[in-house]
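Visitor: My file is final_6.pdb. It has PDB, C-alpha atoms and all ligand atoms:
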ATOM      1  CA  MET A 420     -50.436   5.700 -21.862  1.00  0.00           C
ATOM      2  CA  THR A 421     -47.246   5.408 -23.862  1.00  0.00           C
ATOM      3  CA  ASP A 422     -44.112   3.903 -22.234  1.00  0.00           C
ATOM      4  CA  SER A 423     -41.439   6.557 -22.792  1.00  0.00           C
ATOM      5  CA  LYS A 424     -38.733   3.900 -22.495  1.00  0.00           C
ATOM      6  CA  SER A 425     -40.046   1.730 -25.325  1.00  0.00           C
ATOM      7  CA  ALA A 426     -38.292   2.055 -28.678  1.00  0.00           C
ATOM      8  CA  ALA A 427     -39.941   4.032 -31.446  1.00  0.00           C
ATOM      9  CA  PRO A 428     -41.690   1.774 -33.965  1.00  0.00           C
ATOM     10  CA  ASP A 429     -39.427   2.852 -36.778  1.00  0.00           C
ATOM     11  CA  ALA A 430     -36.135   2.807 -34.822  1.00  0.00           C
ATOM     12  CA  PRO A 431     -33.434   0.785 -36.571  1.00  0.00           C
ATOM     13  CA  SER A 432     -32.954  -2.689 -35.189  1.00  0.00           C
ATOM     14  CA  LEU A 433     -29.858  -3.184 -33.029  1.00  0.00           C
ATOM     15  CA  ARG A 434     -29.474  -6.677 -34.418  1.00  0.00           C
ATOM     16  CA  GLU A 435     -27.073  -6.954 -37.323  1.00  0.00           C
ATOM     17  CA  ASP A 436     -28.561  -9.117 -40.020  1.00  0.00           C
ATOM     18  CA  LEU A 437     -26.253 -11.679 -41.468  1.00  0.00           C
ATOM     19  CA  THR A 438     -25.670 -11.664 -45.154  1.00  0.00           C
ATOM     20  CA  VAL A 439     -27.023 -14.731 -46.910  1.00  0.00           C
ATOM     21  CA  ALA A 440     -24.590 -16.415 -49.258  1.00  0.00           C
ATOM     22  CA  PRO A 441     -25.595 -16.546 -52.939  1.00  0.00           C
ATOM     23  CA  ASP A 442     -26.301 -20.283 -52.708  1.00  0.00           C
ATOM     24  CA  GLY A 443     -28.475 -19.780 -49.624  1.00  0.00           C
ATOM     25  CA  ARG A 444     -26.560 -22.266 -47.489  1.00  0.00           C
ATOM     26  CA  PRO A 445     -25.466 -21.305 -43.922  1.00  0.00           C
ATOM     27  CA  LEU A 446     -21.969 -19.933 -43.267  1.00  0.00           C
ATOM     28  CA  SER A 447     -20.821 -23.256 -41.780  1.00  0.00           C
ATOM     29  CA  ALA A 448     -21.525 -24.933 -45.129  1.00  0.00           C
ATOM     30  CA  GLN A 449     -19.648 -22.332 -47.147  1.00  0.00           C
ATOM     31  CA  PRO A 450     -16.140 -22.759 -48.603  1.00  0.00           C
ATOM     32  CA  GLU A 451     -13.261 -22.046 -46.263  1.00  0.00           C
ATOM     33  CA  TRP A 452     -12.288 -18.782 -47.970  1.00  0.00           C
ATOM     34  CA  ARG A 453     -15.771 -17.405 -47.283  1.00  0.00           C
ATOM     35  CA  ARG A 454     -15.684 -18.510 -43.633  1.00  0.00           C
ATOM     36  CA  GLU A 455     -12.190 -17.025 -43.128  1.00  0.00           C
ATOM     37  CA  PHE A 456     -13.106 -13.664 -44.682  1.00  0.00           C
ATOM     38  CA  PRO A 457     -16.705 -12.964 -43.633  1.00  0.00           C
ATOM     39  CA  ILE A 458     -18.314  -9.687 -44.555  1.00  0.00           C
ATOM     40  CA  ASP A 459     -20.580  -9.445 -41.450  1.00  0.00           C
ATOM     41  CA  TRP A 460     -19.230  -7.847 -38.288  1.00  0.00           C
ATOM     42  CA  PRO A 461     -20.348 -10.610 -35.842  1.00  0.00           C
ATOM     43  CA  ALA A 462     -18.745 -13.318 -37.954  1.00  0.00           C
ATOM     44  CA  ASP A 463     -15.653 -11.180 -38.502  1.00  0.00           C
ATOM     45  CA  GLU A 464     -15.281 -10.648 -34.732  1.00  0.00           C
ATOM     46  CA  TYR A 465     -15.650 -14.393 -34.203  1.00  0.00           C
ATOM     47  CA  VAL A 466     -12.822 -15.026 -36.685  1.00  0.00           C
ATOM     48  CA  SER A 467     -10.700 -12.343 -34.973  1.00  0.00           C
ATOM     49  CA  ARG A 468     -11.239 -13.956 -31.553  1.00  0.00           C
ATOM     50  CA  ARG A 469     -10.418 -17.376 -32.987  1.00  0.00           C
ATOM     51  CA  ALA A 470      -7.253 -16.016 -34.619  1.00  0.00           C
ATOM     52  CA  LEU A 471      -6.275 -14.351 -31.331  1.00  0.00           C
ATOM     53  CA  MET A 472      -6.802 -17.589 -29.408  1.00  0.00           C
ATOM     54  CA  LYS A 473      -4.729 -19.470 -31.985  1.00  0.00           C
ATOM     55  CA  PHE A 474      -1.978 -16.839 -31.743  1.00  0.00           C
ATOM     56  CA  MET A 475      -1.979 -16.939 -27.924  1.00  0.00           C
ATOM     57  CA  THR A 476      -1.881 -20.726 -27.881  1.00  0.00           C
ATOM     58  CA  LEU A 477       1.048 -20.819 -30.311  1.00  0.00           C
ATOM     59  CA  THR A 478       2.849 -18.071 -28.387  1.00  0.00           C
ATOM     60  CA  SER A 479       2.373 -19.921 -25.100  1.00  0.00           C
ATOM     61  CA  CYS A 480       3.667 -23.142 -26.633  1.00  0.00           C
ATOM     62  CA  ALA A 481       6.710 -21.309 -28.022  1.00  0.00           C
ATOM     63  CA  PHE A 482       7.315 -19.701 -24.621  1.00  0.00           C
ATOM     64  CA  VAL A 483       7.144 -23.044 -22.801  1.00  0.00           C
ATOM     65  CA  ALA A 484       9.322 -24.720 -25.434  1.00  0.00           C
ATOM     66  CA  GLY A 485      11.897 -21.913 -25.170  1.00  0.00           C
ATOM     67  CA  HIS A 486      12.108 -22.260 -21.411  1.00  0.00           C
ATOM     68  CA  ALA A 487      12.390 -26.023 -21.676  1.00  0.00           C
ATOM     69  CA  TRP A 488      15.217 -25.630 -24.178  1.00  0.00           C
ATOM     70  CA  LEU A 489      17.029 -23.139 -21.933  1.00  0.00           C
ATOM     71  CA  ALA A 490      16.632 -25.409 -18.908  1.00  0.00           C
ATOM     72  CA  ALA A 491      17.876 -28.410 -20.866  1.00  0.00           C
ATOM     73  CA  SER A 492      20.859 -26.591 -22.340  1.00  0.00           C
ATOM     74  CA  SER A 493      21.889 -25.018 -19.021  1.00  0.00           C
ATOM     75  CA  ALA A 494      21.592 -28.394 -17.288  1.00  0.00           C
ATOM     76  CA  GLY A 495      24.274 -29.726 -19.610  1.00  0.00           C
ATOM     77  CA  LYS A 496      26.702 -26.874 -18.912  1.00  0.00           C
ATOM     78  CA  ARG A 497      28.955 -26.655 -15.910  1.00  0.00           C
ATOM     79  CA  PRO A 498      29.104 -23.242 -14.272  1.00  0.00           C
ATOM     80  CA  GLU A 499      32.454 -21.509 -14.604  1.00  0.00           C
ATOM     81  CA  MET A 500      33.698 -22.303 -11.122  1.00  0.00           C
ATOM     82  CA  PRO A 501      37.182 -23.712 -11.512  1.00  0.00           C
ATOM     83  CA  SER A 502      38.627 -25.354  -8.460  1.00  0.00           C
ATOM     84  CA  GLU A 503      42.079 -26.100  -9.879  1.00  0.00           C
ATOM     85  CA  ARG A 504      44.935 -24.124  -8.447  1.00  0.00           C
ATOM     86  CA  LEU A 505      46.824 -22.251 -11.155  1.00  0.00           C
ATOM     87  CA  ALA A 506      50.024 -20.198 -10.877  1.00  0.00           C
ATOM     88  CA  ILE A 507      49.312 -16.771 -12.391  1.00  0.00           C
ATOM     89  CA  ALA A 508      52.345 -14.660 -11.392  1.00  0.00           C
ATOM     90  CA  ARG A 509      55.479 -14.541  -9.328  1.00  0.00           C
ATOM     91  CA  VAL A 510      55.298 -12.119  -6.412  1.00  0.00           C
ATOM     92  CA  ASP A 511      58.344 -10.182  -7.616  1.00  0.00           C
ATOM     93  CA  GLU A 512      56.768  -9.561 -11.023  1.00  0.00           C
ATOM     94  CA  LEU A 513      54.440  -6.880  -9.628  1.00  0.00           C
ATOM     95  CA  ALA A 514      55.395  -3.862  -7.558  1.00  0.00           C
ATOM     96  CA  PRO A 515      52.831  -2.635  -5.002  1.00  0.00           C
ATOM     97  CA  GLY A 516      50.104  -0.806  -6.906  1.00  0.00           C
ATOM     98  CA  ALA A 517      50.855  -2.649 -10.157  1.00  0.00           C
ATOM     99  CA  ALA A 518      48.431  -4.864 -12.043  1.00  0.00           C
ATOM    100  CA  ARG A 519      48.447  -7.399 -14.828  1.00  0.00           C
ATOM    101  CA  THR A 520      45.900  -9.443 -16.681  1.00  0.00           C
ATOM    102  CA  PHE A 521      45.714 -13.222 -16.645  1.00  0.00           C
ATOM    103  CA  GLN A 522      43.331 -15.998 -17.638  1.00  0.00           C
ATOM    104  CA  TYR A 523      41.807 -18.356 -15.159  1.00  0.00           C
ATOM    105  CA  PRO A 524      41.025 -20.986 -16.140  1.00  0.00           C
ATOM    106  CA  PRO A 525      43.169 -20.891 -19.300  1.00  0.00           C
ATOM    107  CA  GLY A 526      41.135 -19.466 -22.188  1.00  0.00           C
ATOM    108  CA  SER A 527      38.789 -17.476 -19.917  1.00  0.00           C
ATOM    109  CA  PRO A 528      38.009 -13.776 -20.457  1.00  0.00           C
ATOM    110  CA  PRO A 529      40.773 -11.570 -19.029  1.00  0.00           C
ATOM    111  CA  ARG A 530      40.986 -11.102 -15.285  1.00  0.00           C
ATOM    112  CA  LEU A 531      42.968  -8.534 -13.310  1.00  0.00           C
ATOM    113  CA  LEU A 532      45.604  -9.283 -10.700  1.00  0.00           C
ATOM    114  CA  ILE A 533      46.410  -6.245  -8.562  1.00  0.00           C
ATOM    115  CA  ARG A 534      49.076  -6.011  -5.901  1.00  0.00           C
ATOM    116  CA  LEU A 535      47.734  -3.866  -3.064  1.00  0.00           C
ATOM    117  CA  ASP A 536      50.880  -3.674  -0.916  1.00  0.00           C
ATOM    118  CA  ALA A 537      53.860  -5.759   0.161  1.00  0.00           C
ATOM    119  CA  THR A 538      51.813  -8.808   1.064  1.00  0.00           C
ATOM    120  CA  ARG A 539      48.292  -8.483  -0.353  1.00  0.00           C
ATOM    121  CA  PHE A 540      46.938  -9.227  -3.808  1.00  0.00           C
ATOM    122  CA  VAL A 541      43.414  -9.114  -5.214  1.00  0.00           C
ATOM    123  CA  ALA A 542      42.066 -10.373  -8.498  1.00  0.00           C
ATOM    124  CA  TYR A 543      38.799  -9.701 -10.334  1.00  0.00           C
ATOM    125  CA  ASP A 544      37.068 -10.137 -13.648  1.00  0.00           C
ATOM    126  CA  GLN A 545      38.177  -7.332 -15.912  1.00  0.00           C
ATOM    127  CA  ALA A 546      34.662  -6.978 -17.347  1.00  0.00           C
ATOM    128  CA  CYS A 547      32.511  -4.336 -15.687  1.00  0.00           C
ATOM    129  CA  THR A 548      29.310  -5.739 -14.234  1.00  0.00           C
ATOM    130  CA  HIS A 549      27.308  -3.011 -15.961  1.00  0.00           C
ATOM    131  CA  LEU A 550      27.913  -3.580 -19.675  1.00  0.00           C
ATOM    132  CA  SER A 551      31.222  -5.482 -19.679  1.00  0.00           C
ATOM    133  CA  CYS A 552      33.658  -2.699 -20.524  1.00  0.00           C
ATOM    134  CA  PRO A 553      37.195  -3.412 -19.280  1.00  0.00           C
ATOM    135  CA  VAL A 554      37.798  -1.845 -15.895  1.00  0.00           C
ATOM    136  CA  VAL A 555      41.033  -0.051 -14.935  1.00  0.00           C
ATOM    137  CA  PRO A 556      42.646  -0.192 -11.477  1.00  0.00           C
ATOM    138  CA  GLN A 557      43.267   3.149  -9.769  1.00  0.00           C
ATOM    139  CA  PRO A 558      45.380   2.011  -6.805  1.00  0.00           C
ATOM    140  CA  ARG A 559      46.128   5.511  -5.543  1.00  0.00           C
ATOM    141  CA  LEU A 560      42.397   6.143  -5.214  1.00  0.00           C
ATOM    142  CA  GLY A 561      41.754   2.719  -3.742  1.00  0.00           C
ATOM    143  CA  LYS A 562      39.257   2.119  -6.556  1.00  0.00           C
ATOM    144  CA  ILE A 563      38.719   0.459  -9.891  1.00  0.00           C
ATOM    145  CA  HIS A 564      37.316   2.628 -12.650  1.00  0.00           C
ATOM    146  CA  CYS A 565      35.108   1.774 -15.597  1.00  0.00           C
ATOM    147  CA  PRO A 566      35.590   4.535 -18.187  1.00  0.00           C
ATOM    148  CA  CYS A 567      32.560   3.622 -20.278  1.00  0.00           C
ATOM    149  CA  HIS A 568      29.943   5.130 -17.967  1.00  0.00           C
ATOM    150  CA  ASN A 569      32.118   6.348 -15.092  1.00  0.00           C
ATOM    151  CA  GLY A 570      31.463   3.350 -12.867  1.00  0.00           C
ATOM    152  CA  TRP A 571      33.564   2.798  -9.739  1.00  0.00           C
ATOM    153  CA  PHE A 572      34.382  -0.265  -7.647  1.00  0.00           C
ATOM    154  CA  ASP A 573      36.217  -0.703  -4.365  1.00  0.00           C
ATOM    155  CA  LEU A 574      39.768  -1.885  -5.016  1.00  0.00           C
ATOM    156  CA  GLU A 575      39.904  -4.211  -2.016  1.00  0.00           C
ATOM    157  CA  THR A 576      36.462  -5.804  -2.261  1.00  0.00           C
ATOM    158  CA  GLY A 577      35.260  -5.257  -5.830  1.00  0.00           C
ATOM    159  CA  ALA A 578      32.002  -3.794  -4.482  1.00  0.00           C
ATOM    160  CA  PRO A 579      30.299  -1.158  -6.639  1.00  0.00           C
ATOM    161  CA  LEU A 580      30.771   2.369  -5.279  1.00  0.00           C
ATOM    162  CA  ALA A 581      29.332   4.755  -7.843  1.00  0.00           C
ATOM    163  CA  GLY A 582      27.907   4.950 -11.331  1.00  0.00           C
ATOM    164  CA  PRO A 583      25.716   2.394 -13.098  1.00  0.00           C
ATOM    165  CA  PRO A 584      27.218  -0.885 -11.784  1.00  0.00           C
ATOM    166  CA  ARG A 585      25.086  -2.553  -9.115  1.00  0.00           C
ATOM    167  CA  ARG A 586      26.907  -5.867  -8.714  1.00  0.00           C
ATOM    168  CA  PRO A 587      30.439  -6.475  -7.422  1.00  0.00           C
ATOM    169  CA  LEU A 588      33.173  -7.632  -9.741  1.00  0.00           C
ATOM    170  CA  PRO A 589      33.470 -11.426  -9.632  1.00  0.00           C
ATOM    171  CA  ARG A 590      36.567 -12.162  -7.612  1.00  0.00           C
ATOM    172  CA  VAL A 591      39.305 -14.702  -8.128  1.00  0.00           C
ATOM    173  CA  THR A 592      40.438 -16.180  -4.829  1.00  0.00           C
ATOM    174  CA  LEU A 593      44.210 -16.251  -4.417  1.00  0.00           C
ATOM    175  CA  GLU A 594      46.873 -18.046  -2.509  1.00  0.00           C
ATOM    176  CA  VAL A 595      50.449 -16.817  -2.197  1.00  0.00           C
ATOM    177  CA  ARG A 596      52.972 -19.529  -1.552  1.00  0.00           C
ATOM    178  CA  ASP A 597      56.732 -19.703  -2.006  1.00  0.00           C
ATOM    179  CA  GLY A 598      56.817 -16.432  -3.912  1.00  0.00           C
ATOM    180  CA  VAL A 599      54.096 -17.489  -6.363  1.00  0.00           C
ATOM    181  CA  VAL A 600      50.525 -16.166  -6.658  1.00  0.00           C
ATOM    182  CA  TYR A 601      47.997 -18.898  -7.369  1.00  0.00           C
ATOM    183  CA  ALA A 602      44.389 -18.552  -8.449  1.00  0.00           C
ATOM    184  CA  THR A 603      42.289 -21.038  -6.524  1.00  0.00           C
ATOM    185  CA  GLY A 604      38.669 -20.288  -7.409  1.00  0.00           C
ATOM    186  CA  ILE A 605      36.101 -17.644  -8.312  1.00  0.00           C
ATOM    187  CA  THR A 606      33.498 -16.018  -6.125  1.00  0.00           C
ATOM    188  CA  THR A 607      30.807 -13.566  -7.083  1.00  0.00           C
ATOM    189  CA  GLY A 608      30.234 -11.971  -3.695  1.00  0.00           C
ATOM    190  CA  GLY A 609      33.510 -10.114  -3.182  1.00  0.00           C
ATOM    191  CA  ALA A 610      34.867 -12.534  -0.558  1.00  0.00           C
ATOM    192  CA  THR A 611      38.437 -11.997   0.509  1.00  0.00           C
ATOM    193  CA  SER A 612      41.149 -14.313  -0.678  1.00  0.00           C
TER     194      SER A 612
HETATM  195  S1  LIG A 701      30.124  -0.654 -18.622  1.00  0.00           S
HETATM  196 FE1  LIG A 701      31.066  -0.077 -16.788  1.00  0.00          FE
HETATM  197  S2  LIG A 701      29.910   1.555 -16.067  1.00  0.00           S
HETATM  198 FE2  LIG A 701      28.882   0.931 -17.849  1.00  0.00          FE
END
What do you get writing this file as structure tokens?
Ligand code: FES
Guide:
Amino acid sequence: MTDSKSAAPDAPSLREDLTVAPDGRPLSAQPEWRREFPIDWPADEYVSRRALMKFMTLTSCAFVAGHAWLAASSAGKRPEMPSERLAIARVDELAPGAARTFQYPPGSPPRLLIRLDATRFVAYDQACTHLSCPVVPQPRLGKIHCPCHNGWFDLETGAPLAGPPRRPLPRVTLEVRDGVVYATGITTGGATS
């Protein structure tokens, strides 16, 4: 009785025969160009896997080296957290609701000093926490506006209220003494001065 599952005698073999090089030597003994560009599928797949492994190894090494470089370079930098007190305005230079820009520490990106009322001031980074457009105080609305993508922040806390921004404006802590407004530090959580 014939086994129906056995292959027909003349069915093509599933094994792919390897091409024999003209000199009859095995592939491992052939010149490099012939090993790198084989004409048989099994050998070609082997080369592809080897190339992939080489690529992944090099990519991993580059990834690790990049992270090591970033860690090393950031270890040498001091975060921008000035602790020096710096006079940035006289109290009588700003009416309630008025604002001006200043640098703290000197040479920093512009920051905004805003007078809320007779006694209170707030100060923030002028760069929006979405994509760094300059923000504009809107004291009558109690908000700060970013015109680029219609982002809004709370005037008194710097917290994001609407639009794309998700993080509060970094805040400059202030001290008012003898009619002078001093910057005393920077916080990123919207703490009050
Ligand atoms: S840059 Fe401010 S909302 Fe996009």
Visitor: Pick the closest to ligand LIG 701 (chain A) from A:Arg585, A:His549, A:Arg559, A:His564: which is it, counting all atoms listed in the file?
Guide: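 Closest candidate: A:His549.
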Visitor: Convert the output of the PyMOL selection byres (((not hetatm)) within 12 of (chain A and resi 701)) on the shown file into explicit residues, formatted as a PyMOL selection string.
Guide: chain A and resi 545-555+563-572+579-588
Visitor: What do you get, as JSON, numbers by chain, if you spell out every residue that the PyMOL selection byres (((chain A and resi 532) around 12) and not hetatm) selects here?
Guide: {"A": [506, 507, 508, 509, 510, 512, 513, 514, 515, 516, 517, 518, 519, 520, 521, 522, 523, 529, 530, 531, 533, 534, 535, 539, 540, 541, 542, 543, 544, 545, 554, 555, 556, 558, 563, 574, 575, 590, 591, 592, 593, 600, 601, 602]}
Visitor: In Å, how far is it from atom CA of Thr606 of chain A to atom CA of Gly526 of chain A?
Guide: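 That distance, rounded to one decimal, is 18.1 Å.
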Visitor: Would you compute, for all listed atoms of segment 510-518 of chain A, the axis-aligned bounding box grown by 4 Å on each side, and then report its centre and edge lengths in Å rounded to one decimal, as AutoDock Vina command-line options?
Guide:
--center_x 53.4 --center_y -6.5 --center_z -8.5 --size_x 17.9 --size_y 19.3 --size_z 15.0
Visitor: Between atom CA of Thr603 of chain A and atom CA of Glu503 of chain A, what distance in Å does the model show, to one decimal?
Guide: 6.1 Å
Visitor: Give me, please, the distance in Å between atom CA of Arg454 of chain A and atom CA of Ala440 of chain A, quoted to one decimal.
Guide: 10.7 Å
Visitor: Calculated over all atoms listed in the file, which of the candidates A:Ile605, A:Ala578, A:Val439, A:Val595 has the smallest distance to Gly561 of chain A?
Guide: A:Ala578
